file structure-v8.txt (compact mmCIF, C-alpha atoms and all ligand atoms)
# COMPACT_ATOMS: atom_id res chain seq x y z
CA MET A 21 92.54 -28.16 245.05
CA ALA A 22 93.22 -25.88 242.09
CA ASP A 23 93.98 -23.04 244.53
CA LEU A 24 96.40 -25.19 246.40
CA SER A 25 98.38 -26.19 243.35
CA LEU A 26 98.44 -22.56 242.22
CA ALA A 27 99.95 -21.65 245.60
CA GLN A 28 102.43 -24.47 245.24
CA VAL A 29 103.44 -23.34 241.78
CA PHE A 30 103.80 -19.77 243.03
CA PHE A 31 106.00 -20.91 245.90
CA ALA A 32 108.13 -23.13 243.66
CA VAL A 33 108.63 -20.34 241.11
CA THR A 34 109.54 -17.83 243.84
CA PHE A 35 111.99 -20.34 245.31
CA ILE A 36 113.65 -21.02 241.96
CA VAL A 37 113.85 -17.33 241.02
CA ILE A 38 115.44 -16.44 244.38
CA PHE A 39 117.81 -19.40 244.11
CA LEU A 40 118.90 -18.39 240.61
CA LEU A 41 119.33 -14.76 241.66
CA LEU A 42 121.45 -15.76 244.64
CA ALA A 43 123.49 -18.16 242.53
CA LEU A 44 124.07 -15.33 240.04
CA ILE A 45 125.12 -12.83 242.72
CA LEU A 46 127.34 -15.21 244.66
CA LYS A 47 128.65 -17.46 241.87
CA SER A 48 132.20 -16.17 241.58
CA GLN A 49 132.70 -15.97 245.29
CA SER A 50 133.61 -19.54 246.14
CA ILE A 51 137.24 -19.56 247.31
CA LYS A 52 139.77 -21.82 248.97
CA ILE A 53 142.39 -20.46 251.36
CA PRO A 54 145.22 -22.98 251.76
CA ILE A 55 146.75 -23.57 255.20
CA ARG A 56 149.67 -25.79 254.22
CA ASN A 57 152.98 -23.91 253.93
CA ARG A 58 151.32 -20.65 254.95
CA HIS A 59 152.32 -18.46 257.89
CA VAL A 60 149.53 -18.73 260.49
CA PHE A 61 149.84 -16.23 263.37
CA ILE A 62 147.65 -17.11 266.37
CA THR A 63 147.19 -14.88 269.42
CA GLY A 64 146.28 -16.54 272.70
CA GLY A 65 147.96 -19.61 271.22
CA SER A 66 149.22 -20.88 274.57
CA SER A 67 145.86 -22.03 275.94
CA GLY A 68 142.38 -23.34 275.08
CA ILE A 69 140.99 -22.62 271.61
CA GLY A 70 144.20 -20.86 270.46
CA LEU A 71 146.36 -23.80 271.50
CA ALA A 72 144.01 -26.25 269.75
CA LEU A 73 144.22 -24.08 266.62
CA ALA A 74 148.03 -24.01 266.81
CA HIS A 75 148.12 -27.83 267.06
CA LEU A 76 145.76 -28.21 264.12
CA ALA A 77 147.47 -25.67 261.86
CA ALA A 78 150.92 -27.15 262.63
CA SER A 79 149.64 -30.67 261.92
CA GLU A 80 148.38 -29.44 258.54
CA GLY A 81 151.84 -28.22 257.62
CA ALA A 82 151.51 -24.50 258.32
CA ARG A 83 154.33 -22.34 259.68
CA VAL A 84 152.81 -21.35 263.00
CA SER A 85 153.56 -18.39 265.29
CA ILE A 86 151.84 -17.95 268.64
CA LEU A 87 151.60 -14.84 270.81
CA ALA A 88 150.53 -14.47 274.47
CA ARG A 89 151.76 -12.67 277.59
CA ASN A 90 153.21 -15.51 279.66
CA GLU A 91 156.45 -16.86 278.16
CA ASP A 92 156.52 -20.07 280.22
CA ARG A 93 153.09 -21.08 278.99
CA LEU A 94 154.15 -20.24 275.42
CA GLN A 95 157.19 -22.52 275.76
CA GLU A 96 155.00 -25.29 277.18
CA ALA A 97 152.67 -24.93 274.20
CA ARG A 98 155.63 -25.02 271.83
CA GLU A 99 156.90 -28.22 273.43
CA SER A 100 153.49 -29.94 273.31
CA ILE A 101 153.05 -29.01 269.63
CA ARG A 102 156.54 -30.28 268.83
CA LEU A 103 155.74 -33.56 270.58
CA SER A 104 152.40 -34.12 268.87
CA THR A 105 153.16 -32.85 265.35
CA GLY A 106 156.95 -32.88 265.07
CA ASN A 107 156.81 -29.24 263.94
CA ASP A 108 158.35 -26.24 265.66
CA VAL A 109 156.33 -23.08 266.27
CA ALA A 110 157.68 -19.56 266.89
CA VAL A 111 156.64 -17.92 270.15
CA PHE A 112 156.18 -14.21 270.84
CA PRO A 113 155.65 -13.01 274.40
CA ALA A 114 153.64 -9.77 274.18
CA ASP A 115 150.54 -8.08 275.53
CA VAL A 116 148.05 -7.17 272.77
CA ARG A 117 147.21 -4.01 274.74
CA ASP A 118 150.66 -2.67 273.84
CA PRO A 119 150.60 -1.65 270.13
CA ASP A 120 154.41 -1.28 269.92
CA ALA A 121 155.00 -4.75 271.36
CA VAL A 122 152.46 -6.19 268.90
CA LEU A 123 154.16 -4.44 265.97
CA ARG A 124 157.60 -5.70 267.05
CA ALA A 125 156.31 -9.28 267.35
CA ILE A 126 154.64 -9.25 263.94
CA GLU A 127 157.66 -7.66 262.23
CA GLU A 128 159.89 -10.30 263.77
CA ALA A 129 157.53 -13.10 262.76
CA GLY A 130 157.45 -11.98 259.10
CA PRO A 131 154.50 -11.46 256.69
CA VAL A 132 151.36 -13.24 257.86
CA ASP A 133 149.04 -15.21 255.56
CA VAL A 134 146.42 -16.16 258.13
CA LEU A 135 146.03 -13.90 261.18
CA ILE A 136 143.90 -15.44 263.94
CA CYS A 137 142.94 -12.90 266.62
CA ASN A 138 141.89 -15.28 269.37
CA GLN A 139 143.16 -13.64 272.57
CA GLY A 140 140.31 -12.88 274.94
CA VAL A 141 139.47 -12.23 278.56
CA PHE A 142 136.12 -12.61 280.28
CA VAL A 143 135.11 -11.41 283.74
CA PRO A 144 131.38 -12.08 283.98
CA ARG A 145 129.49 -9.94 286.48
CA GLU A 146 126.37 -7.77 286.62
CA LEU A 147 127.38 -4.28 285.44
CA GLU A 148 126.33 -2.75 288.74
CA LYS A 149 128.85 -4.95 290.57
CA GLN A 150 131.55 -4.69 287.92
CA GLU A 151 134.45 -2.28 288.40
CA LEU A 152 135.08 0.05 285.45
CA GLU A 153 138.64 -1.30 285.47
CA GLU A 154 137.26 -4.71 284.52
CA VAL A 155 135.08 -3.24 281.78
CA LYS A 156 138.09 -1.44 280.34
CA PHE A 157 140.23 -4.58 280.65
CA MET A 158 137.83 -6.58 278.46
CA ILE A 159 137.42 -3.80 275.87
CA ASP A 160 141.20 -3.25 275.77
CA VAL A 161 142.21 -6.89 275.33
CA ASN A 162 139.31 -8.18 273.22
CA LEU A 163 138.58 -5.17 271.01
CA MET A 164 141.52 -2.75 271.07
CA GLY A 165 143.99 -5.66 271.08
CA THR A 166 142.43 -6.90 267.82
CA PHE A 167 142.77 -3.41 266.29
CA HIS A 168 146.47 -3.38 267.26
CA LEU A 169 147.03 -6.79 265.68
CA ILE A 170 145.27 -6.02 262.42
CA LYS A 171 146.95 -2.61 262.08
CA ALA A 172 150.34 -4.27 262.60
CA ALA A 173 149.77 -7.22 260.24
CA LEU A 174 147.86 -5.56 257.40
CA PRO A 175 150.73 -3.84 255.52
CA GLY A 176 152.67 -7.13 255.30
CA MET A 177 149.54 -9.06 254.33
CA LYS A 178 148.71 -6.62 251.54
CA ASN A 179 152.26 -6.74 250.16
CA ARG A 180 152.58 -10.53 250.38
CA LYS A 181 154.38 -12.20 247.49
CA SER A 182 152.01 -15.15 247.14
CA ARG A 183 148.94 -14.75 244.89
CA GLU A 184 146.94 -17.02 247.16
CA PRO A 185 144.12 -15.51 249.22
CA ALA A 186 144.87 -14.52 252.81
CA SER A 187 142.68 -14.46 255.90
CA ILE A 188 142.01 -12.37 258.99
CA ALA A 189 140.02 -14.47 261.46
CA ILE A 190 138.56 -13.08 264.66
CA ILE A 191 137.30 -15.27 267.48
CA SER A 192 134.12 -13.67 268.80
CA SER A 193 131.55 -15.61 270.86
CA GLN A 194 127.83 -16.40 270.73
CA ALA A 195 127.74 -13.61 273.34
CA GLY A 196 128.87 -11.40 270.43
CA GLN A 197 125.64 -12.24 268.55
CA VAL A 198 123.19 -11.85 271.41
CA GLY A 199 123.58 -9.95 274.70
CA ILE A 200 123.74 -12.27 277.70
CA TYR A 201 123.09 -11.51 281.41
CA GLY A 202 126.40 -10.90 283.20
CA TYR A 203 128.25 -10.14 279.94
CA THR A 204 127.54 -6.42 279.44
CA ALA A 205 131.22 -5.56 278.93
CA TYR A 206 132.19 -8.87 277.32
CA SER A 207 129.26 -8.79 274.88
CA ALA A 208 130.03 -5.14 274.06
CA SER A 209 133.66 -6.03 273.27
CA LYS A 210 132.55 -8.94 271.06
CA PHE A 211 129.76 -7.00 269.29
CA GLY A 212 132.40 -4.37 268.56
CA LEU A 213 134.44 -6.98 266.73
CA ARG A 214 131.55 -7.55 264.35
CA GLY A 215 131.45 -3.91 263.29
CA LEU A 216 135.20 -4.00 262.82
CA ALA A 217 135.02 -7.19 260.75
CA GLU A 218 132.14 -6.09 258.50
CA ALA A 219 133.79 -2.77 257.63
CA LEU A 220 137.26 -4.30 257.31
CA GLN A 221 136.07 -6.93 254.82
CA GLN A 222 135.13 -4.14 252.40
CA GLU A 223 138.54 -2.48 252.87
CA VAL A 224 140.65 -5.60 252.24
CA ILE A 225 138.67 -7.54 249.62
CA ALA A 226 140.59 -5.85 246.78
CA HIS A 227 143.76 -7.44 248.21
CA ASN A 228 142.20 -10.88 248.19
CA ILE A 229 142.00 -10.96 251.99
CA PHE A 230 138.96 -12.63 253.55
CA VAL A 231 137.67 -11.83 257.01
CA SER A 232 136.11 -14.57 259.17
CA LEU A 233 134.21 -14.08 262.43
CA ILE A 234 133.95 -17.18 264.59
CA PHE A 235 131.14 -17.56 267.12
CA PRO A 236 131.82 -20.40 269.61
CA PRO A 237 129.45 -21.37 272.43
CA ASP A 238 130.88 -22.19 275.90
CA THR A 239 134.06 -24.14 275.15
CA ASP A 240 135.97 -26.40 277.50
CA THR A 241 139.20 -24.42 278.11
CA PRO A 242 141.28 -23.26 281.09
CA GLY A 243 139.63 -19.86 280.58
CA LEU A 244 136.12 -21.31 280.93
CA GLU A 245 137.18 -23.31 283.99
CA GLN A 246 138.22 -20.08 285.74
CA GLU A 247 135.13 -18.28 284.51
CA THR A 248 132.61 -20.82 285.78
CA LYS A 249 134.01 -20.48 289.31
CA MET A 250 132.81 -16.90 289.46
CA ARG A 251 130.13 -16.26 286.87
CA PRO A 252 126.58 -15.37 287.97
CA GLN A 253 124.28 -18.38 288.09
CA LEU A 254 121.95 -16.75 285.56
CA THR A 255 124.83 -16.37 283.09
CA SER A 256 125.46 -20.11 283.31
CA ILE A 257 121.74 -20.91 282.97
CA ILE A 258 121.38 -18.76 279.83
CA ALA A 259 124.71 -19.84 278.30
CA ALA A 260 123.61 -23.47 278.74
CA SER A 261 121.00 -22.86 275.97
CA SER A 262 123.79 -23.68 273.57
CA GLY A 263 125.73 -26.50 275.26
CA THR A 264 129.50 -26.80 275.59
CA MET A 265 132.05 -27.74 272.92
CA LYS A 266 135.59 -29.09 273.06
CA ALA A 267 138.41 -26.72 272.08
CA ASP A 268 139.48 -29.17 269.31
CA GLU A 269 136.01 -29.10 267.75
CA VAL A 270 135.94 -25.30 267.78
CA ALA A 271 139.44 -25.23 266.26
CA LYS A 272 138.29 -27.55 263.45
CA LYS A 273 135.21 -25.40 262.68
CA THR A 274 137.42 -22.31 262.75
CA LEU A 275 140.03 -23.65 260.36
CA ASN A 276 137.35 -24.95 257.97
CA GLY A 277 135.60 -21.57 258.10
CA ILE A 278 138.88 -19.82 257.33
CA ARG A 279 139.65 -22.23 254.48
CA SER A 280 136.34 -21.53 252.76
CA GLY A 281 136.58 -17.78 253.37
CA SER A 282 133.26 -17.79 255.27
CA PHE A 283 132.50 -14.48 256.93
CA ILE A 284 130.23 -15.83 259.69
CA VAL A 285 131.42 -19.13 261.17
CA PRO A 286 128.98 -20.81 263.59
CA CYS A 287 130.31 -23.77 265.57
CA ASN A 288 127.25 -25.87 266.47
CA PHE A 289 123.58 -26.25 265.50
CA ASP A 290 122.35 -23.52 267.88
CA GLY A 291 125.10 -21.36 266.46
CA LEU A 292 123.72 -21.99 262.97
CA LEU A 293 120.24 -20.86 264.06
CA LEU A 294 121.78 -17.86 265.79
CA ALA A 295 123.74 -16.99 262.63
CA ILE A 296 120.54 -17.08 260.57
CA ALA A 297 118.63 -15.05 263.17
CA THR A 298 121.37 -12.39 263.29
CA ALA A 299 122.48 -12.40 259.64
CA GLY A 300 121.83 -8.66 259.26
CA LEU A 301 123.81 -7.28 256.31
CA SER A 302 126.88 -9.46 256.77
CA PRO A 303 128.56 -10.90 253.66
CA GLN A 304 127.58 -14.41 252.61
CA ARG A 305 129.57 -16.47 250.10
CA SER A 306 127.56 -19.69 250.24
CA VAL A 307 124.45 -19.88 248.03
CA LEU A 308 123.02 -22.62 250.26
CA MET A 309 123.44 -20.55 253.43
CA ALA A 310 122.08 -17.45 251.69
CA LEU A 311 119.00 -19.47 250.69
CA CYS A 312 118.57 -20.69 254.28
CA GLU A 313 118.87 -17.11 255.56
CA VAL A 314 116.22 -15.86 253.14
CA PHE A 315 113.68 -18.59 253.86
CA ALA A 316 114.39 -19.31 257.53
CA ALA A 317 114.53 -15.67 258.69
CA GLY A 318 110.90 -15.62 259.86
CA PRO A 319 110.87 -19.02 261.60
CA THR A 320 114.21 -18.39 263.35
CA ARG A 321 112.92 -15.04 264.59
CA PHE A 322 110.00 -16.98 266.07
CA ILE A 323 112.35 -19.54 267.70
CA GLY A 324 114.51 -16.67 268.96
CA LEU A 325 111.53 -14.98 270.60
CA CYS A 326 110.60 -18.26 272.32
CA VAL A 327 114.19 -18.68 273.55
CA GLN A 328 114.21 -15.08 274.85
CA TRP A 329 110.90 -15.70 276.60
CA GLY A 330 112.51 -18.66 278.40
CA TRP A 331 115.50 -16.54 279.43
CA TYR A 332 113.34 -13.75 280.86
CA ARG A 333 111.27 -16.35 282.68
CA SER A 334 114.44 -17.77 284.29
CA ILE A 335 115.53 -14.27 285.29
CA LYS A 336 112.13 -13.52 286.79
CA ARG A 337 112.10 -16.79 288.73
CA TRP A 338 115.66 -16.36 289.93
CA TYR A 339 114.97 -12.88 291.28
CA ALA A 340 111.68 -13.97 292.85
CA GLN A 341 113.54 -16.82 294.56
CA LYS A 342 116.28 -14.45 295.74
CA ASN A 343 113.63 -12.11 297.08
CA TYR A 344 111.96 -15.00 298.86
CA ASN A 345 115.25 -16.04 300.47
CA LEU A 346 115.86 -12.46 301.54
CA THR A 347 112.44 -12.03 303.12
CA CYS A 348 112.90 -15.39 304.84
CA ARG A 349 116.13 -14.22 306.37
CA CYS A 350 114.71 -10.81 307.38
CA SER A 351 111.66 -12.26 309.06
CA SER A 352 113.78 -14.91 310.76
CA ILE A 353 115.81 -12.12 312.27
CA PHE A 354 112.69 -10.31 313.45
CA HIS A 355 110.61 -13.27 314.59
CA GLY A 356 113.23 -15.86 315.29
CA THR A 357 111.47 -18.37 313.05
CA HIS A 358 109.85 -18.73 309.59
CA ASN A 359 106.17 -17.97 309.56
CA GLN A 360 103.19 -17.46 307.33
CA LEU A 361 104.27 -13.87 306.71
CA ASN A 362 107.25 -15.08 304.66
CA TYR A 363 104.95 -16.67 302.17
CA LEU A 364 102.85 -13.56 302.00
CA PHE A 365 105.96 -11.43 301.33
CA TYR A 366 107.18 -13.92 298.77
CA ASN A 367 103.87 -14.01 296.92
CA CYS A 368 103.60 -10.23 296.87
CA ALA A 369 107.16 -9.89 295.60
CA ASN A 370 106.49 -12.49 292.96
CA LEU A 371 103.32 -10.74 291.84
CA LEU A 372 105.08 -7.38 291.67
CA LEU A 373 107.96 -8.85 289.71
CA SER A 374 105.77 -10.65 287.23
CA SER A 375 103.74 -7.53 286.51
CA HIS A 376 107.01 -5.64 286.07
CA PHE A 377 108.29 -8.22 283.63
CA CYS A 378 105.02 -8.24 281.75
CA CYS A 379 105.54 -4.51 281.20
CA VAL A 380 109.13 -4.67 280.06
CA HIS A 381 108.81 -7.81 278.03
N1 LIG B 401 136.03 -20.74 276.35
C1 LIG B 401 134.84 -20.28 276.01
O1 LIG B 401 133.82 -20.66 276.59
C2 LIG B 401 134.71 -19.32 274.89
C3 LIG B 401 135.75 -18.54 274.46
N2 LIG B 401 135.56 -17.65 273.44
C4 LIG B 401 136.64 -16.79 273.00
O2 LIG B 401 137.70 -17.60 272.52
C5 LIG B 401 138.95 -16.99 272.78
C6 LIG B 401 139.86 -17.94 273.54
O3 LIG B 401 139.23 -18.33 274.72
P1 LIG B 401 139.81 -19.50 275.64
O4 LIG B 401 140.57 -20.44 274.82
O5 LIG B 401 138.69 -19.97 276.46
O6 LIG B 401 140.77 -18.64 276.58
P2 LIG B 401 141.93 -19.05 277.61
O7 LIG B 401 141.74 -18.19 278.80
O8 LIG B 401 142.01 -20.51 277.80
O9 LIG B 401 143.22 -18.53 276.82
C7 LIG B 401 143.36 -17.18 276.54
C8 LIG B 401 144.62 -16.95 275.75
O10 LIG B 401 144.73 -15.57 275.45
C9 LIG B 401 146.00 -15.08 275.94
N3 LIG B 401 145.83 -13.69 276.37
C10 LIG B 401 145.00 -13.21 277.31
N4 LIG B 401 145.17 -11.89 277.46
C11 LIG B 401 146.14 -11.52 276.59
C12 LIG B 401 146.76 -10.29 276.29
N5 LIG B 401 146.43 -9.16 276.92
N6 LIG B 401 147.72 -10.27 275.34
C13 LIG B 401 148.08 -11.40 274.71
N7 LIG B 401 147.54 -12.60 274.95
C14 LIG B 401 146.56 -12.66 275.89
C15 LIG B 401 146.32 -16.03 277.11
O11 LIG B 401 147.70 -16.09 277.42
P3 LIG B 401 148.36 -15.15 278.56
O12 LIG B 401 147.42 -15.15 279.71
O13 LIG B 401 149.70 -15.75 278.83
O14 LIG B 401 148.48 -13.80 277.92
C16 LIG B 401 145.87 -17.34 276.51
O15 LIG B 401 146.84 -17.84 275.62
C17 LIG B 401 138.63 -15.70 273.54
O16 LIG B 401 138.61 -14.63 272.64
C18 LIG B 401 137.25 -15.96 274.10
O17 LIG B 401 136.55 -14.76 274.30
C19 LIG B 401 134.37 -17.54 272.80
C20 LIG B 401 133.32 -18.29 273.18
C21 LIG B 401 133.39 -19.25 274.25
C1 LIG B 402 117.42 -18.31 267.06
C2 LIG B 402 117.62 -19.39 268.02
C3 LIG B 402 118.83 -19.31 268.87
C4 LIG B 402 118.94 -20.45 269.80
C5 LIG B 402 120.11 -20.59 270.66
C6 LIG B 402 120.73 -19.39 271.26
C7 LIG B 402 121.75 -19.75 272.28
C8 LIG B 402 122.59 -18.60 272.72
C9 LIG B 402 123.48 -18.96 273.85
C10 LIG B 402 124.52 -17.95 274.10
C11 LIG B 402 125.65 -18.52 274.86
C12 LIG B 402 126.77 -17.57 275.06
C13 LIG B 402 128.02 -18.29 275.49
C14 LIG B 402 129.17 -17.38 275.63
C15 LIG B 402 130.44 -18.15 275.83
C16 LIG B 402 131.57 -17.26 276.13
O1 LIG B 402 131.98 -16.48 275.32
C17 LIG B 402 132.10 -17.34 277.49
N1 LIG B 402 132.26 -18.67 277.96
C18 LIG B 402 133.37 -16.60 277.65
O2 LIG B 402 134.38 -17.32 277.12
call {"tool": "encode", "arguments": {"input": "structure-v8.txt", "output": "structure tokens", "more": "lines below"}}
Ligand SMILES: NC(=O)C1=CN([C@@H]2O[C@H](COP(=O)(O)OP(=O)(O)OC[C@H]3O[C@@H](n4cnc5c(N)ncnc54)[C@H](OP(=O)(O)O)[C@@H]3O)[C@@H](O)[C@H]2O)C=CC1
Ligand SMILES: CCCCCCCCCCCCCCCC(=O)[C@@H](N)CO
result
Amino acid sequence: MADLSLAQVFFAVTFIVIFLLLALILKSQSIKIPIRNRHVFITGGSSGIGLALAHLAASEGARVSILARNEDRLQEARESIRLSTGNDVAVFPADVRDPDAVLRAIEEAGPVDVLICNQGVFVPRELEKQELEEVKFMIDVNLMGTFHLIKAALPGMKNRKSREPASIAIISSQAGQVGIYGYTAYSASKFGLRGLAEALQQEVIAHNIFVSLIFPPDTDTPGLEQETKMRPQLTSIIAASSGTMKADEVAKKTLNGIRSGSFIVPCNFDGLLLAIATAGLSPQRSVLMALCEVFAAGPTRFIGLCVQWGWYRSIKRWYAQKNYNLTCRCSSIFHGTHNQLNYLFYNCANLLLSSHFCCVH
């Protein structure tokens, strides 16, 4: 009994000391980035999450600019925002892969207070089946495009007249926190954004600019609709671990994250666990979140390992099933009908695969 209370006292003291230390370190870091009357520049603002963000920012009284390649879709977006909010937005047709076009658009739009790099493309496929062209396409649009945007907007942001804090927000993905089957190139482009964001935050903090990285799960958008038609079944199975959100909900989380200057912005509960499990050395401005990260690191690692175990089990089963179907077809060709041999083949394949997976995992 005495031992137990000693342990309790020890735990309580440790908790309080860590809390006080964190409060001391992070105390002056609580900030508020206003949206009203600010210039919010959103790329990919003609569809999905970007369009939802443009609606939301315009309804909150921001001066909104949107950039995308297709001018017709930009005009449609402009019209729908005018109808729902009564506010006009400026549209800039440009491809983020072209640094000169990006620079021209941003110069024309005027100094930016909140830059939201949301444009993104995703072509999910196993790397072996993916053309290098597609890999390059995703890296160019998702990662290089973001470099072009930030390089173009930064001088104006640093020299802005207003004393109020500014923001550079980057839309990543949960596939930018953990590698997912079928997303080798996509995950690489999104992981790259994290390195960019972490280093950039140190370079711009002196100018009162806050970087936010947003990590949505699957989100109901025209982009996802296209993607689900072609993505590998295993990608869908694994991505389903985190459910699907509406573009409006993701836009709300994003704008709130930007407002509070949060560096990591998860969008749902799984995203919160994922953020804790992958906190690494990223900045944290909330004492409460910092406390969660410190104390939940171990347990979330455990949950993460269980989740991974489930994913590898699905992969193993899927391949065993595929192998079974293949052997079925082969033996049908040779014998004209299914027979006992199929089951033998299937069981052997399964056994081989499971021993293989036991070794690698
Ligand atoms: N939907 C989802 O499940 C998830 C999406 N995300 C991320 O959120 C972001 C938005 O996704 P979502 O709303 O689904 O995408 P959509 O496909 O619905 O919209 C993409 C937008 O980006 C623009 N865009 C694409 N390529 C370029 C380019 N080269 N230059 C300029 N603009 C471009 C498109 O316009 P246009 O084609 O006219 O250029 C469009 O406005 C992406 O970064 C994506 O990776 C993250 C997690 C989940
Ligand atoms: C520690 C515990 C963690 C528990 C939950 C982990 C769940 C991870 C799921 C990852 C889903 C990735 C979706 C990518 C969506 C996307 O970007 C594409 N639709 C392209 O747009």
call {"tool": "atom_distance", "arguments": {"input": "structure-v8.txt", "atom1": "CA of Glu80 in chain A", "atom2": "CA of Phe283 in chain A"}}
result
21.9 Å
call {"tool": "closest_residue", "arguments": {"input": "structure-v8.txt", "among": "A:Thr63, A:Ser302, A:Ser85, A:Ser256", "to": "Ile190 in chain A", "atoms": "all atoms listed in the file"}}
result
A:Thr63
call {"tool": "residues_near_ligand", "arguments": {"input": "structure-v8.txt", "ligand": "ligand LIG 402 (chain B)", "cutoff": "7 Å", "atoms": "all atoms listed in the file", "output": "PDB file with C-alpha atoms, in the coordinates of the input"}}
result
ATOM      1  CA  PHE A 142     136.120 -12.610 280.280  1.00  0.00           C
ATOM      2  CA  SER A 193     131.550 -15.610 270.860  1.00  0.00           C
ATOM      3  CA  GLN A 194     127.830 -16.400 270.730  1.00  0.00           C
ATOM      4  CA  ALA A 195     127.740 -13.610 273.340  1.00  0.00           C
ATOM      5  CA  VAL A 198     123.190 -11.850 271.410  1.00  0.00           C
ATOM      6  CA  ILE A 200     123.740 -12.270 277.700  1.00  0.00           C
ATOM      7  CA  PRO A 236     131.820 -20.400 269.610  1.00  0.00           C
ATOM      8  CA  PRO A 237     129.450 -21.370 272.430  1.00  0.00           C
ATOM      9  CA  ASP A 238     130.880 -22.190 275.900  1.00  0.00           C
ATOM     10  CA  THR A 239     134.060 -24.140 275.150  1.00  0.00           C
ATOM     11  CA  GLY A 243     139.630 -19.860 280.580  1.00  0.00           C
ATOM     12  CA  LEU A 244     136.120 -21.310 280.930  1.00  0.00           C
ATOM     13  CA  ILE A 258     121.380 -18.760 279.830  1.00  0.00           C
ATOM     14  CA  ALA A 259     124.710 -19.840 278.300  1.00  0.00           C
ATOM     15  CA  ALA A 260     123.610 -23.470 278.740  1.00  0.00           C
ATOM     16  CA  SER A 261     121.000 -22.860 275.970  1.00  0.00           C
ATOM     17  CA  SER A 262     123.790 -23.680 273.570  1.00  0.00           C
ATOM     18  CA  ASP A 290     122.350 -23.520 267.880  1.00  0.00           C
ATOM     19  CA  GLY A 291     125.100 -21.360 266.460  1.00  0.00           C
ATOM     20  CA  LEU A 293     120.240 -20.860 264.060  1.00  0.00           C
ATOM     21  CA  LEU A 294     121.780 -17.860 265.790  1.00  0.00           C
ATOM     22  CA  ALA A 297     118.630 -15.050 263.170  1.00  0.00           C
ATOM     23  CA  THR A 320     114.210 -18.390 263.350  1.00  0.00           C
ATOM     24  CA  ARG A 321     112.920 -15.040 264.590  1.00  0.00           C
ATOM     25  CA  ILE A 323     112.350 -19.540 267.700  1.00  0.00           C
ATOM     26  CA  GLY A 324     114.510 -16.670 268.960  1.00  0.00           C
ATOM     27  CA  VAL A 327     114.190 -18.680 273.550  1.00  0.00           C
TER      28      VAL A 327
END
call {"tool": "residues_around", "arguments": {"input": "structure-v8.txt", "residues": "Asn276 in chain A", "least_positions_apart": "4", "cutoff": "10 Å", "atoms": "all atoms listed in the file", "output": "compact mmCIF listing (two decimals) with C-alpha atoms, keeping the file's coordinate frame"}}
result
# COMPACT_ATOMS: atom_id res chain seq x y z
CA LYS A 52 139.77 -21.82 248.97
CA ILE A 53 142.39 -20.46 251.36
CA ILE A 55 146.75 -23.57 255.20
CA VAL A 270 135.94 -25.30 267.78
CA ALA A 271 139.44 -25.23 266.26
CA LYS A 272 138.29 -27.55 263.45
CA SER A 280 136.34 -21.53 252.76
CA GLY A 281 136.58 -17.78 253.37
CA SER A 282 133.26 -17.79 255.27
CA VAL A 285 131.42 -19.13 261.17
call {"tool": "atom_distance", "arguments": {"input": "structure-v8.txt", "atom1": "CA of Ala88 in chain A", "atom2": "CA of Leu163 in chain A"}}
result
15.5 Å
call {"tool": "closest_atom_pairs", "arguments": {"input": "structure-v8.txt", "of": "chain A", "to": "ligand LIG 401 (chain B)", "cutoff": "7 Å", "atoms": "all atoms listed in the file", "output": "tab-separated table"}}
result
residue	atom	partner	partner_atom	distance
A:Thr63	CA	B:LIG401	N7	6.0
A:Gly64	CA	B:LIG401	O15	3.2
A:Gly65	CA	B:LIG401	O15	4.9
A:Ser66	CA	B:LIG401	O15	4.0
A:Ser67	CA	B:LIG401	O15	4.3
A:Gly68	CA	B:LIG401	O4	3.4
A:Ile69	CA	B:LIG401	O4	3.9
A:Gly70	CA	B:LIG401	O4	5.7
A:Leu87	CA	B:LIG401	N7	6.2
A:Ala88	CA	B:LIG401	N7	3.6
A:Arg89	CA	B:LIG401	O14	3.5
A:Asn90	CA	B:LIG401	O13	3.6
A:Glu91	CA	B:LIG401	O13	6.9
A:Arg93	CA	B:LIG401	O13	6.3
A:Ala114	CA	B:LIG401	C13	5.8
A:Asp115	CA	B:LIG401	N6	3.6
A:Val116	CA	B:LIG401	N6	4.0
A:Arg117	CA	B:LIG401	N5	5.6
A:Asn138	CA	B:LIG401	O16	4.7
A:Gln139	CA	B:LIG401	O10	3.8
A:Gly140	CA	B:LIG401	O16	3.4
A:Val141	CA	B:LIG401	O17	5.8
A:Phe142	CA	B:LIG401	O17	6.4
A:Val161	CA	B:LIG401	N5	5.0
A:Asn162	CA	B:LIG401	O16	6.5
A:Ile191	CA	B:LIG401	O16	5.4
A:Ser192	CA	B:LIG401	C19	5.6
A:Ser193	CA	B:LIG401	C19	3.9
A:Gln194	CA	B:LIG401	C20	6.3
A:Phe235	CA	B:LIG401	C20	6.5
A:Pro236	CA	B:LIG401	C20	4.4
A:Pro237	CA	B:LIG401	C21	4.8
A:Asp238	CA	B:LIG401	O1	3.4
A:Thr239	CA	B:LIG401	O1	3.8
A:Asp240	CA	B:LIG401	N1	5.8
A:Thr241	CA	B:LIG401	O5	4.8
A:Pro242	CA	B:LIG401	O8	4.3
A:Gly243	CA	B:LIG401	O7	3.2
A:Leu244	CA	B:LIG401	N1	4.6
call {"tool": "residues_near_point", "arguments": {"input": "structure-v8.txt", "point": "(135.1, -5.0, 283.8)", "cutoff": "12 Å", "atoms": "only C-alpha atoms", "output": "MDAnalysis selection string"}}
result
chainID A and resid 141:162 202:209
call {"tool": "atom_distance", "arguments": {"input": "structure-v8.txt", "atom1": "CA of Leu123 in chain A", "atom2": "CA of Phe167 in chain A"}}
result
11.4 Å
